[in-house]
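Have a look at run_9.cif below; it lists mmCIF, C-alpha atoms.
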```
data_upload
loop_
_atom_site.group_PDB
_atom_site.id
_atom_site.type_symbol
_atom_site.label_atom_id
_atom_site.label_comp_id
_atom_site.auth_asym_id
_atom_site.auth_seq_id
_atom_site.Cartn_x
_atom_site.Cartn_y
_atom_site.Cartn_z
ATOM 1 C CA MET A 1 -43.138 -24.322 -13.618
ATOM 2 C CA LEU A 2 -41.538 -22.216 -16.320
ATOM 3 C CA VAL A 3 -38.036 -23.011 -17.522
ATOM 4 C CA VAL A 4 -36.277 -20.644 -19.868
ATOM 5 C CA LEU A 5 -33.173 -21.447 -21.889
ATOM 6 C CA GLY A 6 -31.844 -18.454 -23.731
ATOM 7 C CA GLY A 7 -28.487 -17.040 -24.360
ATOM 8 C CA GLY A 8 -25.955 -14.418 -23.806
ATOM 9 C CA ALA A 9 -24.233 -12.375 -21.203
ATOM 10 C CA THR A 10 -27.463 -10.430 -20.823
ATOM 11 C CA PRO A 11 -29.475 -12.217 -18.137
ATOM 12 C CA VAL A 12 -32.549 -13.999 -19.433
ATOM 13 C CA ARG A 13 -35.610 -13.469 -17.313
ATOM 14 C CA ALA A 14 -38.585 -15.793 -17.194
ATOM 15 C CA ALA A 15 -40.917 -12.863 -17.751
ATOM 16 C CA ASP A 16 -40.825 -9.154 -18.443
ATOM 17 C CA SER A 17 -42.186 -7.700 -15.201
ATOM 18 C CA ALA A 18 -44.284 -5.103 -17.030
ATOM 19 C CA SER A 19 -46.071 -7.390 -19.484
ATOM 20 C CA GLY A 20 -45.515 -10.938 -18.252
ATOM 21 C CA ALA A 21 -44.056 -11.802 -21.693
ATOM 22 C CA PRO A 22 -40.909 -13.928 -22.037
ATOM 23 C CA ARG A 23 -37.690 -11.902 -22.389
ATOM 24 C CA ALA A 24 -34.662 -13.008 -24.421
ATOM 25 C CA GLY A 25 -31.015 -12.051 -24.749
ATOM 26 C CA SER A 26 -30.394 -9.506 -27.520
ATOM 27 C CA ARG A 27 -28.715 -12.064 -29.821
ATOM 28 C CA PRO A 28 -30.137 -15.614 -29.998
ATOM 29 C CA PRO A 29 -27.725 -18.466 -29.324
ATOM 30 C CA THR A 30 -27.176 -21.151 -31.954
ATOM 31 C CA VAL A 31 -28.511 -24.614 -31.198
ATOM 32 C CA THR A 32 -27.507 -27.732 -33.096
ATOM 33 C CA THR A 33 -28.716 -31.280 -32.684
ATOM 34 C CA SER A 34 -28.189 -34.406 -34.734
ATOM 35 C CA ARG A 35 -31.836 -35.439 -34.262
ATOM 36 C CA PHE A 36 -34.913 -33.450 -33.209
ATOM 37 C CA THR A 37 -37.978 -35.573 -32.497
ATOM 38 C CA PRO A 38 -41.032 -33.435 -31.699
ATOM 39 C CA ASN A 39 -44.385 -34.714 -30.474
ATOM 40 C CA GLY A 40 -47.323 -32.558 -31.552
ATOM 41 C CA PHE A 41 -45.224 -29.928 -33.404
ATOM 42 C CA ALA A 42 -47.223 -26.975 -34.714
ATOM 43 C CA LEU A 43 -46.328 -23.454 -35.714
ATOM 44 C CA SER A 44 -48.309 -21.345 -33.236
ATOM 45 C CA SER A 45 -47.596 -17.800 -34.360
ATOM 46 C CA VAL A 46 -45.129 -15.160 -35.392
ATOM 47 C CA THR A 47 -44.538 -12.521 -32.730
ATOM 48 C CA THR A 48 -41.865 -10.359 -31.189
ATOM 49 C CA VAL A 49 -40.150 -10.945 -27.867
ATOM 50 C CA PRO A 50 -38.542 -8.166 -25.853
ATOM 51 C CA THR A 51 -34.743 -8.151 -25.610
ATOM 52 C CA ALA A 52 -32.155 -5.780 -24.207
ATOM 53 C CA GLY A 53 -31.525 -4.681 -27.831
ATOM 54 C CA GLY A 54 -35.187 -4.131 -28.708
ATOM 55 C CA PRO A 55 -37.958 -6.352 -30.083
ATOM 56 C CA LEU A 56 -36.938 -9.551 -31.867
ATOM 57 C CA LYS A 57 -39.223 -11.172 -34.492
ATOM 58 C CA VAL A 58 -39.629 -14.912 -33.846
ATOM 59 C CA MET A 59 -41.754 -17.843 -34.892
ATOM 60 C CA VAL A 60 -43.358 -19.634 -31.965
ATOM 61 C CA VAL A 61 -43.486 -23.412 -32.245
ATOM 62 C CA SER A 62 -45.551 -25.405 -29.766
ATOM 63 C CA MET A 63 -45.473 -29.085 -28.960
ATOM 64 C CA ALA A 64 -46.354 -31.530 -26.208
ATOM 65 C CA SER A 65 -42.761 -32.775 -25.969
ATOM 66 C CA ALA A 66 -39.493 -33.078 -27.865
ATOM 67 C CA SER A 67 -36.273 -35.032 -27.695
ATOM 68 C CA LEU A 68 -32.959 -33.626 -28.972
ATOM 69 C CA THR A 69 -29.936 -35.884 -29.469
ATOM 70 C CA ASP A 70 -26.392 -34.443 -29.323
ATOM 71 C CA TYR A 71 -27.729 -31.056 -28.157
ATOM 72 C CA ARG A 72 -25.326 -28.092 -28.428
ATOM 73 C CA LEU A 73 -26.017 -24.437 -27.566
ATOM 74 C CA SER A 74 -23.487 -21.653 -28.137
ATOM 75 C CA THR A 75 -24.018 -18.027 -27.106
ATOM 76 C CA HIS A 76 -22.907 -15.033 -29.166
ATOM 77 C CA GLU A 77 -22.989 -12.169 -26.658
ATOM 78 C CA GLY A 78 -20.361 -10.697 -24.401
ATOM 79 C CA PRO A 79 -16.585 -10.982 -24.405
ATOM 80 C CA GLY A 80 -16.652 -14.777 -24.462
ATOM 81 C CA ARG A 81 -19.033 -17.542 -25.416
ATOM 82 C CA LEU A 82 -20.781 -20.110 -23.323
ATOM 83 C CA ALA A 83 -21.224 -23.599 -24.689
ATOM 84 C CA LEU A 84 -23.855 -25.899 -23.236
ATOM 85 C CA SER A 85 -24.107 -29.490 -24.395
ATOM 86 C CA ALA A 86 -25.983 -32.652 -23.529
ATOM 87 C CA ASP A 87 -26.063 -36.136 -24.988
ATOM 88 C CA ARG A 88 -29.843 -35.854 -24.918
ATOM 89 C CA LEU A 89 -32.293 -33.130 -23.956
ATOM 90 C CA ASP A 90 -35.938 -34.012 -23.303
ATOM 91 C CA LEU A 91 -38.568 -31.272 -23.058
ATOM 92 C CA SER A 92 -42.117 -32.006 -21.978
ATOM 93 C CA GLY A 93 -45.311 -30.202 -21.099
ATOM 94 C CA ASN A 94 -46.348 -26.936 -22.755
ATOM 95 C CA VAL A 95 -43.169 -26.710 -24.837
ATOM 96 C CA LEU A 96 -42.751 -23.421 -26.713
ATOM 97 C CA LEU A 97 -39.748 -22.666 -28.923
ATOM 98 C CA TYR A 98 -39.141 -19.033 -29.888
ATOM 99 C CA LEU A 99 -36.935 -19.225 -33.006
ATOM 100 C CA THR A 100 -35.518 -16.732 -35.483
ATOM 101 C CA ARG A 101 -34.400 -19.584 -37.766
ATOM 102 C CA LEU A 102 -34.809 -23.362 -37.929
ATOM 103 C CA SER A 103 -33.134 -25.586 -40.500
ATOM 104 C CA GLY A 104 -32.863 -29.341 -40.733
ATOM 105 C CA CYS A 105 -33.486 -32.367 -42.886
ATOM 106 C CA VAL A 106 -36.874 -34.087 -42.647
ATOM 107 C CA GLU A 107 -36.080 -37.703 -41.823
ATOM 108 C CA GLY A 108 -32.533 -37.022 -43.063
ATOM 109 C CA VAL A 109 -33.664 -36.602 -46.675
ATOM 110 C CA PHE A 110 -35.371 -33.305 -47.548
ATOM 111 C CA CYS A 111 -33.623 -30.245 -46.061
ATOM 112 C CA VAL A 112 -35.596 -27.087 -45.204
ATOM 113 C CA THR A 113 -35.062 -23.719 -43.546
ATOM 114 C CA PHE A 114 -37.782 -21.714 -41.791
ATOM 115 C CA THR A 115 -37.742 -18.141 -40.535
ATOM 116 C CA PRO A 116 -40.536 -15.867 -39.285
ATOM 117 C CA ASP A 117 -40.778 -14.576 -42.892
ATOM 118 C CA ARG A 118 -40.550 -18.032 -44.535
ATOM 119 C CA LEU A 119 -42.830 -20.455 -42.713
ATOM 120 C CA PRO A 120 -43.565 -24.157 -43.246
ATOM 121 C CA MET A 121 -46.612 -25.300 -45.165
ATOM 122 C CA PRO A 122 -48.407 -27.041 -43.664
ATOM 123 C CA PRO A 123 -47.446 -25.583 -40.274
ATOM 124 C CA VAL A 124 -47.620 -28.994 -38.571
ATOM 125 C CA ILE A 125 -45.149 -31.885 -38.548
ATOM 126 C CA PRO A 126 -47.012 -35.224 -38.635
ATOM 127 C CA PRO A 127 -46.503 -37.601 -35.673
ATOM 128 C CA GLY A 128 -43.415 -39.786 -35.939
ATOM 129 C CA VAL A 129 -41.543 -37.383 -38.237
ATOM 130 C CA PHE A 130 -38.136 -36.164 -37.094
ATOM 131 C CA LEU A 131 -35.462 -33.733 -38.276
ATOM 132 C CA THR A 132 -31.731 -34.412 -38.564
ATOM 133 C CA HIS A 133 -28.784 -32.031 -38.924
ATOM 134 C CA VAL A 134 -30.749 -29.321 -37.119
ATOM 135 C CA GLU A 135 -29.424 -25.810 -36.605
ATOM 136 C CA ALA A 136 -31.556 -23.108 -35.026
ATOM 137 C CA GLU A 137 -31.307 -19.620 -33.642
ATOM 138 C CA GLN A 138 -33.218 -19.969 -30.410
ATOM 139 C CA ALA A 139 -34.345 -16.840 -28.597
ATOM 140 C CA LEU A 140 -36.174 -18.738 -25.830
ATOM 141 C CA VAL A 141 -37.530 -22.111 -24.800
ATOM 142 C CA THR A 142 -40.243 -22.579 -22.202
ATOM 143 C CA SER A 143 -41.303 -25.982 -20.932
ATOM 144 C CA ASP A 144 -42.821 -27.573 -17.844
ATOM 145 C CA SER A 145 -39.872 -29.965 -17.673
ATOM 146 C CA ILE A 146 -36.391 -30.121 -19.192
ATOM 147 C CA VAL A 147 -34.248 -33.176 -18.513
ATOM 148 C CA ALA A 148 -30.640 -33.264 -19.717
ATOM 149 C CA ARG A 149 -28.404 -36.303 -19.877
ATOM 150 C CA SER A 150 -24.654 -35.643 -19.463
ATOM 151 C CA LEU A 151 -25.073 -31.859 -19.277
ATOM 152 C CA ARG A 152 -21.841 -29.875 -19.728
ATOM 153 C CA LEU A 153 -21.165 -26.109 -19.612
ATOM 154 C CA ARG A 154 -17.917 -24.452 -20.626
ATOM 155 C CA ALA A 155 -16.668 -20.952 -21.374
ATOM 156 C CA GLU A 156 -14.924 -20.354 -24.681
ATOM 157 C CA PRO A 157 -12.980 -17.319 -25.876
ATOM 158 C CA SER A 158 -14.658 -15.216 -28.556
ATOM 159 C CA PRO A 159 -13.566 -16.067 -32.088
ATOM 160 C CA SER A 160 -11.102 -13.545 -33.481
#
```
What do you get writing this file as structure tokens?
Amino acid sequence: MLVVLGGGATPVRAADSASGAPRAGSRPPTVTTSRFTPNGFALSSVTTVPTAGGPLKVMVVSMASASLTDYRLSTHEGPGRLALSADRLDLSGNVLLYLTRLSGCVEGVFCVTFTPDRLPMPPVIPPGVFLTHVEAEQALVTSDSIVARSLRLRAEPSPS
């Protein structure tokens, strides 16, 4: 099973019919979470994903599973914004994050920002390590399973 969370008024498709590659909205939504706890986090690659606006350069992060506390996603496309939130979001099985930016504080102490042009060294987060105050631009997420607790969706007017 493939689950895709992406953003925008442009529909997100699980795969580009021509290539089988994931397809994202043209402008990645912003994701925030107070705590991101990955299991088996590793930077897999830097690639491009197709979007309605052309190719988008992303870093691909893989993991076995992840838990996100106080999850918030806000889109940036179209005449209004969509806001998705959950008290907790659990991803498991073949988790891939396609990100244009990831920032957060390692165990709440040392704050870092990664982009496809500025990658972590080493490209692996040791087991048991977590990030706080996370903000990311998330083009896509694929996972075998996504479980949300207290999931909410609301439309918001565009900021002036």
Nearby residues, (-46.3, -21.3, -37.8) file frame, 12 Å, only C-alpha atoms, as an MDAnalysis selection string: chainID A and resid 41:47 58:63 96:100 102 114:125
Show me a table, sorted first by chain and then by increasing residue number, of the residues of segment 45-67 of chain A having an atom at most 12 Å from segment 80-89 of chain A, each with its shortest atom pair and the distance in Å to one decimal, counting all atoms listed in the file and written as a tab-separated table.
```
residue	atom	partner	partner_atom	distance
A:Ser65	CA	A:Leu89	CA	10.7
A:Ala66	CA	A:Leu89	CA	8.2
A:Ser67	CA	A:Leu89	CA	5.8
```
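Considering the residues A:Arg23, A:His76, A:His133, A:Arg35 and counting all atoms listed in the file, Glu156 of chain A has its shortest atom-to-atom contact with A:His76.
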Separation of atom CA of Thr69 of chain A and atom CA of Thr32 of chain A, in Å? 9.2 Å
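Atom to atom, atom CA of Gly108 of chain A and atom CA of Thr33 of chain A stand 12.5 Å apart.
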Could you tell me, as an MDAnalysis selection string, exactly which residues end up selected when the PyMOL selection byres ((chain A and resi 26-31) around 10) is applied to this structure? chainID A and resid 5:12 23:25 32:33 49:56 71:77 81:85 98:102 134:140
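Comparing A:Leu131, A:Thr37, A:Gly78, A:Leu91 by their smallest distance to Gly104 of chain A, the closest is A:Leu131 (using only C-alpha atoms).
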If we count only C-alpha atoms and set the cut-off at 7 Å, which residues sit around Asn94 of chain A, ignoring sequence neighbours fewer than 5 positions away in its own chain? Please answer as number ranges by chain. A: 63-64, 143-144
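The gap separating atom CA of Val129 of chain A from atom CA of Gly40 of chain A is 10.1 Å, in Å to one decimal.
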Padding of 3 Å on every side, edges along x, y and z, all listed atoms of segment 102-111 of chain A included: what centre and edge lengths in Å, to one decimal, does that box have, as lines of an AutoDock Vina configuration file?
```
center_x = -34.7
center_y = -30.5
center_z = -42.7
size_x = 10.3
size_y = 20.3
size_z = 15.6
```
Pick from A:Pro79, A:Pro127, A:Gly93, A:Ser145, whichever lies nearest to Pro157 of chain A using all atoms listed in the file: A:Pro79
When you get a chance, write out all heavy atoms for segment 140-151 of chain A, as a PDB file, keeping the file's coordinate frame.
```pdb
ATOM      1  N   LEU A 140     -35.690 -18.225 -27.114  1.00  0.00           N
ATOM      2  CA  LEU A 140     -36.174 -18.738 -25.830  1.00  0.00           C
ATOM      3  C   LEU A 140     -36.734 -20.141 -26.002  1.00  0.00           C
ATOM      4  O   LEU A 140     -37.148 -20.525 -27.095  1.00  0.00           O
ATOM      5  CB  LEU A 140     -37.335 -17.890 -25.293  1.00  0.00           C
ATOM      6  CG  LEU A 140     -37.081 -16.502 -24.777  1.00  0.00           C
ATOM      7  CD1 LEU A 140     -38.409 -15.811 -24.501  1.00  0.00           C
ATOM      8  CD2 LEU A 140     -36.237 -16.539 -23.531  1.00  0.00           C
ATOM      9  N   VAL A 141     -36.794 -20.852 -24.898  1.00  0.00           N
ATOM     10  CA  VAL A 141     -37.530 -22.111 -24.800  1.00  0.00           C
ATOM     11  C   VAL A 141     -38.242 -22.078 -23.459  1.00  0.00           C
ATOM     12  O   VAL A 141     -37.636 -21.759 -22.440  1.00  0.00           O
ATOM     13  CB  VAL A 141     -36.593 -23.340 -24.828  1.00  0.00           C
ATOM     14  CG1 VAL A 141     -37.377 -24.615 -24.534  1.00  0.00           C
ATOM     15  CG2 VAL A 141     -35.891 -23.463 -26.153  1.00  0.00           C
ATOM     16  N   THR A 142     -39.537 -22.398 -23.462  1.00  0.00           N
ATOM     17  CA  THR A 142     -40.243 -22.579 -22.202  1.00  0.00           C
ATOM     18  C   THR A 142     -40.826 -23.986 -22.209  1.00  0.00           C
ATOM     19  O   THR A 142     -41.227 -24.504 -23.256  1.00  0.00           O
ATOM     20  CB  THR A 142     -41.356 -21.536 -21.981  1.00  0.00           C
ATOM     21  OG1 THR A 142     -42.355 -21.684 -22.984  1.00  0.00           O
ATOM     22  CG2 THR A 142     -40.792 -20.116 -22.015  1.00  0.00           C
ATOM     23  N   SER A 143     -40.829 -24.608 -21.044  1.00  0.00           N
ATOM     24  CA  SER A 143     -41.303 -25.982 -20.932  1.00  0.00           C
ATOM     25  C   SER A 143     -41.596 -26.273 -19.472  1.00  0.00           C
ATOM     26  O   SER A 143     -40.955 -25.713 -18.583  1.00  0.00           O
ATOM     27  CB  SER A 143     -40.204 -26.924 -21.442  1.00  0.00           C
ATOM     28  OG  SER A 143     -40.607 -28.263 -21.360  1.00  0.00           O
ATOM     29  N   ASP A 144     -42.552 -27.157 -19.223  1.00  0.00           N
ATOM     30  CA  ASP A 144     -42.821 -27.573 -17.844  1.00  0.00           C
ATOM     31  C   ASP A 144     -41.645 -28.355 -17.277  1.00  0.00           C
ATOM     32  O   ASP A 144     -41.342 -28.268 -16.100  1.00  0.00           O
ATOM     33  CB  ASP A 144     -44.084 -28.431 -17.772  1.00  0.00           C
ATOM     34  CG  ASP A 144     -45.352 -27.638 -18.041  1.00  0.00           C
ATOM     35  OD1 ASP A 144     -45.313 -26.395 -17.948  1.00  0.00           O
ATOM     36  OD2 ASP A 144     -46.377 -28.267 -18.356  1.00  0.00           O
ATOM     37  N   SER A 145     -40.976 -29.126 -18.131  1.00  0.00           N
ATOM     38  CA  SER A 145     -39.872 -29.965 -17.673  1.00  0.00           C
ATOM     39  C   SER A 145     -38.785 -30.036 -18.743  1.00  0.00           C
ATOM     40  O   SER A 145     -39.089 -30.188 -19.926  1.00  0.00           O
ATOM     41  CB  SER A 145     -40.385 -31.384 -17.381  1.00  0.00           C
ATOM     42  OG  SER A 145     -39.320 -32.261 -17.096  1.00  0.00           O
ATOM     43  N   ILE A 146     -37.536 -29.912 -18.315  1.00  0.00           N
ATOM     44  CA  ILE A 146     -36.391 -30.121 -19.192  1.00  0.00           C
ATOM     45  C   ILE A 146     -35.439 -31.058 -18.468  1.00  0.00           C
ATOM     46  O   ILE A 146     -35.014 -30.777 -17.347  1.00  0.00           O
ATOM     47  CB  ILE A 146     -35.667 -28.805 -19.537  1.00  0.00           C
ATOM     48  CG1 ILE A 146     -36.609 -27.870 -20.293  1.00  0.00           C
ATOM     49  CG2 ILE A 146     -34.413 -29.090 -20.355  1.00  0.00           C
ATOM     50  CD1 ILE A 146     -36.012 -26.517 -20.616  1.00  0.00           C
ATOM     51  N   VAL A 147     -35.151 -32.188 -19.098  1.00  0.00           N
ATOM     52  CA  VAL A 147     -34.248 -33.176 -18.513  1.00  0.00           C
ATOM     53  C   VAL A 147     -33.062 -33.336 -19.460  1.00  0.00           C
ATOM     54  O   VAL A 147     -33.248 -33.611 -20.645  1.00  0.00           O
ATOM     55  CB  VAL A 147     -34.950 -34.538 -18.314  1.00  0.00           C
ATOM     56  CG1 VAL A 147     -33.974 -35.580 -17.789  1.00  0.00           C
ATOM     57  CG2 VAL A 147     -36.146 -34.385 -17.374  1.00  0.00           C
ATOM     58  N   ALA A 148     -31.866 -33.152 -18.907  1.00  0.00           N
ATOM     59  CA  ALA A 148     -30.640 -33.264 -19.717  1.00  0.00           C
ATOM     60  C   ALA A 148     -29.830 -34.454 -19.246  1.00  0.00           C
ATOM     61  O   ALA A 148     -29.689 -34.676 -18.041  1.00  0.00           O
ATOM     62  CB  ALA A 148     -29.815 -31.995 -19.597  1.00  0.00           C
ATOM     63  N   ARG A 149     -29.299 -35.189 -20.197  1.00  0.00           N
ATOM     64  CA  ARG A 149     -28.404 -36.303 -19.877  1.00  0.00           C
ATOM     65  C   ARG A 149     -26.985 -35.888 -20.237  1.00  0.00           C
ATOM     66  O   ARG A 149     -26.724 -35.432 -21.342  1.00  0.00           O
ATOM     67  CB  ARG A 149     -28.801 -37.545 -20.652  1.00  0.00           C
ATOM     68  CG  ARG A 149     -30.182 -38.031 -20.223  1.00  0.00           C
ATOM     69  CD  ARG A 149     -30.491 -39.414 -20.742  1.00  0.00           C
ATOM     70  NE  ARG A 149     -31.803 -39.789 -20.269  1.00  0.00           N
ATOM     71  CZ  ARG A 149     -32.860 -39.920 -21.044  1.00  0.00           C
ATOM     72  NH1 ARG A 149     -32.761 -39.753 -22.330  1.00  0.00           N
ATOM     73  NH2 ARG A 149     -34.024 -40.258 -20.534  1.00  0.00           N
ATOM     74  N   SER A 150     -26.065 -36.017 -19.276  1.00  0.00           N
ATOM     75  CA  SER A 150     -24.654 -35.643 -19.463  1.00  0.00           C
ATOM     76  C   SER A 150     -24.510 -34.174 -19.837  1.00  0.00           C
ATOM     77  O   SER A 150     -23.850 -33.820 -20.811  1.00  0.00           O
ATOM     78  CB  SER A 150     -23.997 -36.532 -20.520  1.00  0.00           C
ATOM     79  OG  SER A 150     -24.073 -37.886 -20.147  1.00  0.00           O
ATOM     80  N   LEU A 151     -25.121 -33.298 -19.047  1.00  0.00           N
ATOM     81  CA  LEU A 151     -25.073 -31.859 -19.277  1.00  0.00           C
ATOM     82  C   LEU A 151     -23.679 -31.311 -18.981  1.00  0.00           C
ATOM     83  O   LEU A 151     -23.079 -31.635 -17.959  1.00  0.00           O
ATOM     84  CB  LEU A 151     -26.104 -31.158 -18.391  1.00  0.00           C
ATOM     85  CG  LEU A 151     -26.256 -29.656 -18.574  1.00  0.00           C
ATOM     86  CD1 LEU A 151     -26.794 -29.350 -19.970  1.00  0.00           C
ATOM     87  CD2 LEU A 151     -27.181 -29.102 -17.512  1.00  0.00           C
TER      88      LEU A 151
END
```
